[in-house]
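Visitor: One file: run10.cif (mmCIF, C-alpha atoms).
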data_start
#
loop_
_atom_site.group_PDB
_atom_site.id
_atom_site.type_symbol
_atom_site.label_atom_id
_atom_site.label_comp_id
_atom_site.auth_asym_id
_atom_site.auth_seq_id
_atom_site.Cartn_x
_atom_site.Cartn_y
_atom_site.Cartn_z
ATOM 1 C CA MET J 1 145.074 82.202 114.847
ATOM 2 C CA GLY J 2 142.519 79.853 113.241
ATOM 3 C CA GLN J 3 141.094 80.202 109.778
ATOM 4 C CA LEU J 4 137.416 80.212 108.937
ATOM 5 C CA ALA J 5 136.214 78.149 106.016
ATOM 6 C CA ILE J 6 134.315 80.150 103.433
ATOM 7 C CA VAL J 7 130.868 78.731 102.771
ATOM 8 C CA ASN J 8 129.154 79.496 99.481
ATOM 9 C CA GLU J 9 125.786 80.293 100.973
ATOM 10 C CA GLU J 10 123.752 82.549 98.709
ATOM 11 C CA VAL J 11 120.704 84.683 99.424
ATOM 12 C CA LEU J 12 117.879 83.471 97.166
ATOM 13 C CA TRP J 13 115.192 85.864 98.403
ATOM 14 C CA LYS J 14 114.842 88.634 100.940
ATOM 15 C CA GLY J 15 111.941 90.798 101.891
ATOM 16 C CA SER J 16 109.955 92.663 104.507
ATOM 17 C CA PRO J 17 106.250 92.809 105.249
ATOM 18 C CA SER J 18 104.345 95.371 103.218
ATOM 19 C CA GLN J 19 103.183 98.532 104.949
ATOM 20 C CA VAL J 20 99.701 97.522 103.760
ATOM 21 C CA THR J 21 99.532 95.445 106.957
ATOM 22 C CA ASN J 22 99.455 98.746 108.877
ATOM 23 C CA LEU J 23 96.748 100.399 106.801
ATOM 24 C CA GLY J 24 94.169 100.233 109.615
ATOM 25 C CA LYS J 25 96.596 101.849 112.059
ATOM 26 C CA TYR J 26 97.469 104.556 109.546
ATOM 27 C CA LEU J 27 93.748 105.316 109.084
ATOM 28 C CA VAL J 28 93.402 105.699 112.878
ATOM 29 C CA VAL J 29 96.351 108.123 112.826
ATOM 30 C CA LEU J 30 94.705 110.071 109.995
ATOM 31 C CA ALA J 31 91.412 110.287 111.912
ATOM 32 C CA LEU J 32 93.240 111.443 115.062
ATOM 33 C CA ASP J 33 95.168 114.071 113.103
ATOM 34 C CA ILE J 34 91.975 115.388 111.506
ATOM 35 C CA GLY J 35 90.320 115.556 114.928
ATOM 36 C CA ILE J 36 93.303 117.391 116.423
ATOM 37 C CA CYS J 37 93.365 119.861 113.510
ATOM 38 C CA VAL J 38 89.652 120.567 113.880
ATOM 39 C CA ALA J 39 90.076 121.055 117.642
ATOM 40 C CA GLY J 40 93.074 123.316 116.993
ATOM 41 C CA VAL J 41 91.064 125.517 114.645
ATOM 42 C CA LEU J 42 87.874 125.591 116.740
ATOM 43 C CA VAL J 43 89.281 125.670 120.267
ATOM 44 C CA HIS J 44 92.885 126.837 120.457
ATOM 45 C CA PRO J 45 95.893 126.627 118.098
ATOM 46 C CA PHE J 46 98.015 125.250 120.969
ATOM 47 C CA ILE J 47 96.149 121.931 120.588
ATOM 48 C CA LEU J 48 97.915 121.442 117.234
ATOM 49 C CA ALA J 49 101.038 120.479 119.200
ATOM 50 C CA ALA J 50 99.261 117.200 119.983
ATOM 51 C CA LEU J 51 99.705 116.213 116.305
ATOM 52 C CA VAL J 52 103.130 114.978 117.338
ATOM 53 C CA ILE J 53 101.625 111.993 119.219
ATOM 54 C CA PRO J 54 99.763 110.213 116.384
ATOM 55 C CA LEU J 55 102.445 111.166 113.853
ATOM 56 C CA GLY J 56 105.133 109.756 116.154
ATOM 57 C CA TRP J 57 103.098 106.573 116.539
ATOM 58 C CA ALA J 58 102.745 106.266 112.742
ATOM 59 C CA PHE J 59 106.488 106.772 112.318
ATOM 60 C CA TRP J 60 107.210 104.060 114.910
ATOM 61 C CA ILE J 61 104.821 101.640 113.176
ATOM 62 C CA PHE J 62 106.512 102.323 109.837
ATOM 63 C CA VAL J 63 110.043 101.855 111.205
ATOM 64 C CA SER J 64 109.099 98.723 113.173
ATOM 65 C CA THR J 65 107.641 97.085 110.086
ATOM 66 C CA ARG J 66 110.662 98.030 107.977
ATOM 67 C CA ALA J 67 112.947 96.518 110.632
ATOM 68 C CA ILE J 68 111.428 93.054 110.095
ATOM 69 C CA ARG J 69 113.408 91.244 107.421
ATOM 70 C CA HIS J 70 113.322 87.684 106.185
ATOM 71 C CA GLU J 71 115.937 85.971 104.057
ATOM 72 C CA LEU J 72 115.844 82.627 102.312
ATOM 73 C CA THR J 73 119.358 81.424 101.617
ATOM 74 C CA THR J 74 120.533 78.231 99.998
ATOM 75 C CA GLU J 75 120.799 76.698 103.503
ATOM 76 C CA ARG J 76 118.461 78.436 105.955
ATOM 77 C CA ILE J 77 115.753 80.941 106.684
ATOM 78 C CA ARG J 78 117.032 83.998 108.508
ATOM 79 C CA LEU J 79 114.727 86.184 110.567
ATOM 80 C CA TYR J 80 115.757 89.709 111.546
ATOM 81 C CA GLU J 81 113.721 92.067 113.691
ATOM 82 C CA GLY J 82 114.076 95.003 116.030
ATOM 83 C CA VAL J 83 114.577 98.729 115.794
ATOM 84 C CA ILE J 84 116.558 99.430 118.950
ATOM 85 C CA ASN J 85 117.351 95.891 120.073
ATOM 86 C CA HIS J 86 118.087 93.587 117.167
ATOM 87 C CA LYS J 87 117.224 89.895 117.097
ATOM 88 C CA LEU J 88 118.474 87.346 114.561
ATOM 89 C CA ASP J 89 117.234 83.776 114.335
ATOM 90 C CA ASP J 90 118.070 81.059 111.816
ATOM 91 C CA VAL J 91 116.149 77.950 110.892
ATOM 92 C CA GLU J 92 117.961 75.306 108.873
ATOM 93 C CA LEU J 93 115.965 74.343 105.781
ATOM 94 C CA TYR J 94 115.991 70.617 106.538
ATOM 95 C CA ARG J 95 113.951 71.451 109.687
ATOM 96 C CA VAL J 96 111.001 72.769 107.654
ATOM 97 C CA LYS J 97 108.060 70.377 108.045
ATOM 98 C CA ASP J 98 105.268 72.059 106.117
ATOM 99 C CA THR J 99 104.305 75.274 104.375
ATOM 100 C CA SER J 100 100.980 76.901 103.699
ATOM 101 C CA MET J 101 99.891 80.225 102.334
ATOM 102 C CA GLU J 102 97.152 82.629 103.332
ATOM 103 C CA ARG J 103 95.775 85.277 101.005
ATOM 104 C CA PRO J 104 93.044 87.268 102.753
ATOM 105 C CA PHE J 105 90.867 89.438 100.538
ATOM 106 C CA TRP J 106 92.512 92.683 101.635
ATOM 107 C CA CYS J 107 96.007 91.360 100.839
ATOM 108 C CA ARG J 108 94.902 89.899 97.501
ATOM 109 C CA LEU J 109 93.840 93.401 96.415
ATOM 110 C CA PHE J 110 97.511 94.359 96.676
ATOM 111 C CA GLY J 111 98.923 91.063 95.346
ATOM 112 C CA LEU J 112 100.240 90.033 98.776
ATOM 113 C CA SER J 113 100.217 86.791 100.701
ATOM 114 C CA THR J 114 101.490 85.345 103.980
ATOM 115 C CA LEU J 115 103.676 82.261 103.903
ATOM 116 C CA ILE J 116 103.323 80.066 107.000
ATOM 117 C CA ILE J 117 106.167 77.671 107.699
ATOM 118 C CA GLU J 118 105.929 74.883 110.287
ATOM 119 C CA THR J 119 109.330 73.683 111.502
ATOM 120 C CA SER J 120 110.878 71.249 113.947
ATOM 121 C CA ASP J 121 113.078 74.063 115.282
ATOM 122 C CA ARG J 122 112.453 74.646 118.987
ATOM 123 C CA SER J 123 113.023 78.394 118.920
ATOM 124 C CA GLN J 124 110.905 78.967 115.788
ATOM 125 C CA PRO J 125 108.246 76.245 115.448
ATOM 126 C CA ARG J 126 106.086 78.535 113.286
ATOM 127 C CA ILE J 127 107.347 81.260 110.988
ATOM 128 C CA GLU J 128 105.031 83.741 109.306
ATOM 129 C CA ILE J 129 106.424 85.708 106.414
ATOM 130 C CA LYS J 130 103.655 88.289 106.232
ATOM 131 C CA ALA J 131 102.362 90.396 103.380
ATOM 132 C CA VAL J 132 104.923 89.656 100.688
ATOM 133 C CA SER J 133 104.473 89.757 96.947
ATOM 134 C CA ASN J 134 105.066 86.682 94.786
ATOM 135 C CA GLY J 135 104.142 84.344 97.637
ATOM 136 C CA MET J 136 103.543 81.349 95.351
ATOM 137 C CA GLU J 137 106.996 81.663 93.804
ATOM 138 C CA LEU J 138 108.608 82.050 97.224
ATOM 139 C CA ARG J 139 106.785 78.977 98.530
ATOM 140 C CA GLU J 140 107.916 76.903 95.545
ATOM 141 C CA LEU J 141 111.504 78.110 95.882
ATOM 142 C CA LEU J 142 111.444 77.214 99.575
ATOM 143 C CA ARG J 143 109.961 73.778 98.845
ATOM 144 C CA LYS J 144 112.714 72.944 96.349
ATOM 145 C CA GLN J 145 115.468 74.042 98.739
ATOM 146 C CA VAL J 146 113.925 72.081 101.626
ATOM 147 C CA GLU J 147 113.755 68.909 99.520
ATOM 148 C CA TYR J 148 117.360 69.383 98.411
ATOM 149 C CA TRP J 149 118.647 69.687 101.993
ATOM 150 C CA ARG J 150 116.497 66.857 103.300
ATOM 151 C CA ASP J 151 117.893 64.551 100.600
ATOM 152 C CA ARG J 152 121.431 65.770 101.158
ATOM 153 C CA LYS J 153 121.278 65.314 104.950
ATOM 154 C CA ARG J 154 119.107 62.182 104.660
ATOM 155 C CA VAL J 155 116.471 63.669 106.933
ATOM 156 C CA ARG J 156 113.035 62.066 107.045
ATOM 157 C CA GLU J 157 109.992 63.442 108.802
ATOM 158 C CA VAL J 158 108.394 61.120 111.358
ATOM 159 C CA ASP J 159 105.350 62.304 113.303
ATOM 160 C CA PHE J 160 104.173 60.590 116.464
ATOM 161 C CA GLU J 161 100.661 60.993 117.754
ATOM 162 C CA GLU J 162 99.796 60.957 121.449
ATOM 163 C CA GLY J 163 99.327 57.314 122.438
ATOM 164 C CA ASP J 164 101.414 55.903 119.566
ATOM 165 C CA MET J 165 104.062 54.706 122.001
ATOM 166 C CA ASP J 166 102.099 52.222 124.178
ATOM 167 C CA GLY J 167 105.146 50.133 124.951
ATOM 168 C CA ASP J 168 104.977 48.666 121.435
ATOM 169 C CA GLU J 169 108.179 48.495 119.514
ATOM 170 C CA LEU J 170 108.773 51.096 116.827
ATOM 171 C CA THR J 171 108.869 49.525 113.390
ATOM 172 C CA ALA J 172 110.411 51.138 110.352
#
Output the file's structure in the form of structure tokens.
Guide:
Amino acid sequence: MGQLAIVNEEVLWKGSPSQVTNLGKYLVVLALDIGICVAGVLVHPFILAALVIPLGWAFWIFVSTRAIRHELTTERIRLYEGVINHKLDDVELYRVKDTSMERPFWCRLFGLSTLIIETSDRSQPRIEIKAVSNGMELRELLRKQVEYWRDRKRVREVDFEEGDMDGDELTA
């Protein structure tokens, strides 16, 4: 039986999107529930059984959002998602090409931001870590780890534009 080498990979950050991203959906659920309650009082109490539908939808939204997890380790970004069927994807840090951050007004009210990561990974060319707190610190932590792994693996980013390869030789 073979032995597995133990790698000292550490989790530097982990998080999930804030439920604030679902605020609009939760307000729709609230409006539906109020409407159902009014109809139940004015028309027939049996209508109150319909409360189960919007409440079930709100529960599913909550659980689905909680099931999305992101981890930044010393070597990669790990993406977890799925309530019933789980999906795990990794992106090695040296494959990160660029990062940017969005902070829409609504998210800024709650101190949240979305980190957008462009990669050279074929399965995950764009990663969005949505509605997380301390986005600036996370972006800086990611940047430092990416630079470390690029230097360690001697990876350099080279972009080619359409038409750059006209039969001319590539010069370094």
Visitor: Please enumerate the residues selected by the PyMOL selection byres ((chain J and resi 125-133) around 10) when evaluated against the supplied file, formatted as a PyMOL selection string.
Guide: chain J and resi 14-21+68-71+77+79+91+95-104+107-108+110-124+134-138
Visitor: From the list J:Tyr94, J:Arg156, J:His44, J:Pro54, which residue is nearest Leu30 of chain J when using only C-alpha atoms?
Guide: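 Closest candidate: J:Pro54.
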Visitor: So that I can check the surroundings of Trp57 of chain J, please list as a PyMOL selection string every protein, DNA and RNA residue that reaches within 12 Å of it, counting only C-alpha atoms and ignoring chain neighbours fewer than 5 positions away.
Guide: chain J and resi 22+25-26+28-30+32-33+50-52+62-64
Visitor: Could you work out how far atom CA of Arg76 of chain J lies from atom CA of Gln145 of chain J, giving the answer in Å with one decimal?
Guide: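 Atom-to-atom, atom CA of Gln145 of chain J and atom CA of Arg76 of chain J are spaced 9.0 Å apart.
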Visitor: To one decimal place in Å, what is the distance between atom CA of Asp151 of chain J and atom CA of Tyr80 of chain J?
Guide: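 We find that atom CA of Asp151 of chain J and atom CA of Tyr80 of chain J lie 27.5 Å from each other.
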Visitor: Record the distance separating atom CA of Trp106 of chain J and atom CA of Glu140 of chain J, expressed in Å with one decimal.
Guide: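 Atom CA of Glu140 of chain J lies at a distance of 22.9 Å from atom CA of Trp106 of chain J.
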Visitor: Can you tell me, as AutoDock Vina command-line options, the centre and edge lengths (Å, one decimal) of the axis-aligned box enclosing all of segment 62-78 of chain J's listed atoms after padding each side by 4 Å?
Guide:
--center_x 113.7 --center_y 89.5 --center_z 106.6 --size_x 22.3 --size_y 33.6 --size_z 21.2
Visitor: How about completing segment 64-80 of chain J with N, CA and C atoms and giving it to me as an mmCIF file, in the coordinates of the input?
Guide:
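Wrote part-v3.cif, looks like this:
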data_model
loop_
_atom_site.group_PDB
_atom_site.id
_atom_site.type_symbol
_atom_site.label_atom_id
_atom_site.label_comp_id
_atom_site.auth_asym_id
_atom_site.auth_seq_id
_atom_site.Cartn_x
_atom_site.Cartn_y
_atom_site.Cartn_z
ATOM 1 N N SER J 64 109.155 100.081 112.629
ATOM 2 C CA SER J 64 109.099 98.723 113.173
ATOM 3 C C SER J 64 108.824 97.688 112.091
ATOM 4 N N THR J 65 107.947 98.011 111.182
ATOM 5 C CA THR J 65 107.641 97.085 110.086
ATOM 6 C C THR J 65 108.828 96.961 109.148
ATOM 7 N N ARG J 66 109.480 98.064 108.857
ATOM 8 C CA ARG J 66 110.662 98.030 107.977
ATOM 9 C C ARG J 66 111.819 97.266 108.611
ATOM 10 N N ALA J 67 111.853 97.200 109.939
ATOM 11 C CA ALA J 67 112.947 96.518 110.632
ATOM 12 C C ALA J 67 112.786 94.998 110.620
ATOM 13 N N ILE J 68 111.632 94.499 110.216
ATOM 14 C CA ILE J 68 111.428 93.054 110.095
ATOM 15 C C ILE J 68 111.911 92.637 108.714
ATOM 16 N N ARG J 69 112.880 91.735 108.700
ATOM 17 C CA ARG J 69 113.408 91.244 107.421
ATOM 18 C C ARG J 69 113.498 89.723 107.467
ATOM 19 N N HIS J 70 113.224 89.136 106.340
ATOM 20 C CA HIS J 70 113.322 87.684 106.185
ATOM 21 C C HIS J 70 114.252 87.416 105.010
ATOM 22 N N GLU J 71 115.066 86.390 105.156
ATOM 23 C CA GLU J 71 115.937 85.971 104.057
ATOM 24 C C GLU J 71 115.820 84.467 103.880
ATOM 25 N N LEU J 72 115.738 84.033 102.646
ATOM 26 C CA LEU J 72 115.844 82.627 102.312
ATOM 27 C C LEU J 72 117.184 82.467 101.619
ATOM 28 N N THR J 73 118.059 81.697 102.233
ATOM 29 C CA THR J 73 119.358 81.424 101.617
ATOM 30 C C THR J 73 119.341 80.001 101.083
ATOM 31 N N THR J 74 120.441 79.587 100.511
ATOM 32 C CA THR J 74 120.533 78.231 99.998
ATOM 33 C C THR J 74 120.529 77.203 101.125
ATOM 34 N N GLU J 75 120.704 77.638 102.390
ATOM 35 C CA GLU J 75 120.799 76.698 103.503
ATOM 36 C C GLU J 75 119.821 76.928 104.641
ATOM 37 N N ARG J 76 119.290 78.136 104.782
ATOM 38 C CA ARG J 76 118.461 78.436 105.955
ATOM 39 C C ARG J 76 117.512 79.595 105.697
ATOM 40 N N ILE J 77 116.614 79.760 106.649
ATOM 41 C CA ILE J 77 115.753 80.941 106.684
ATOM 42 C C ILE J 77 116.290 81.809 107.802
ATOM 43 N N ARG J 78 116.543 83.060 107.499
ATOM 44 C CA ARG J 78 117.032 83.998 108.508
ATOM 45 C C ARG J 78 115.933 84.998 108.811
ATOM 46 N N LEU J 79 115.756 85.260 110.111
ATOM 47 C CA LEU J 79 114.727 86.184 110.567
ATOM 48 C C LEU J 79 115.401 87.309 111.338
ATOM 49 N N TYR J 80 115.207 88.530 110.883
ATOM 50 C CA TYR J 80 115.757 89.709 111.546
ATOM 51 C C TYR J 80 114.593 90.555 112.034
#
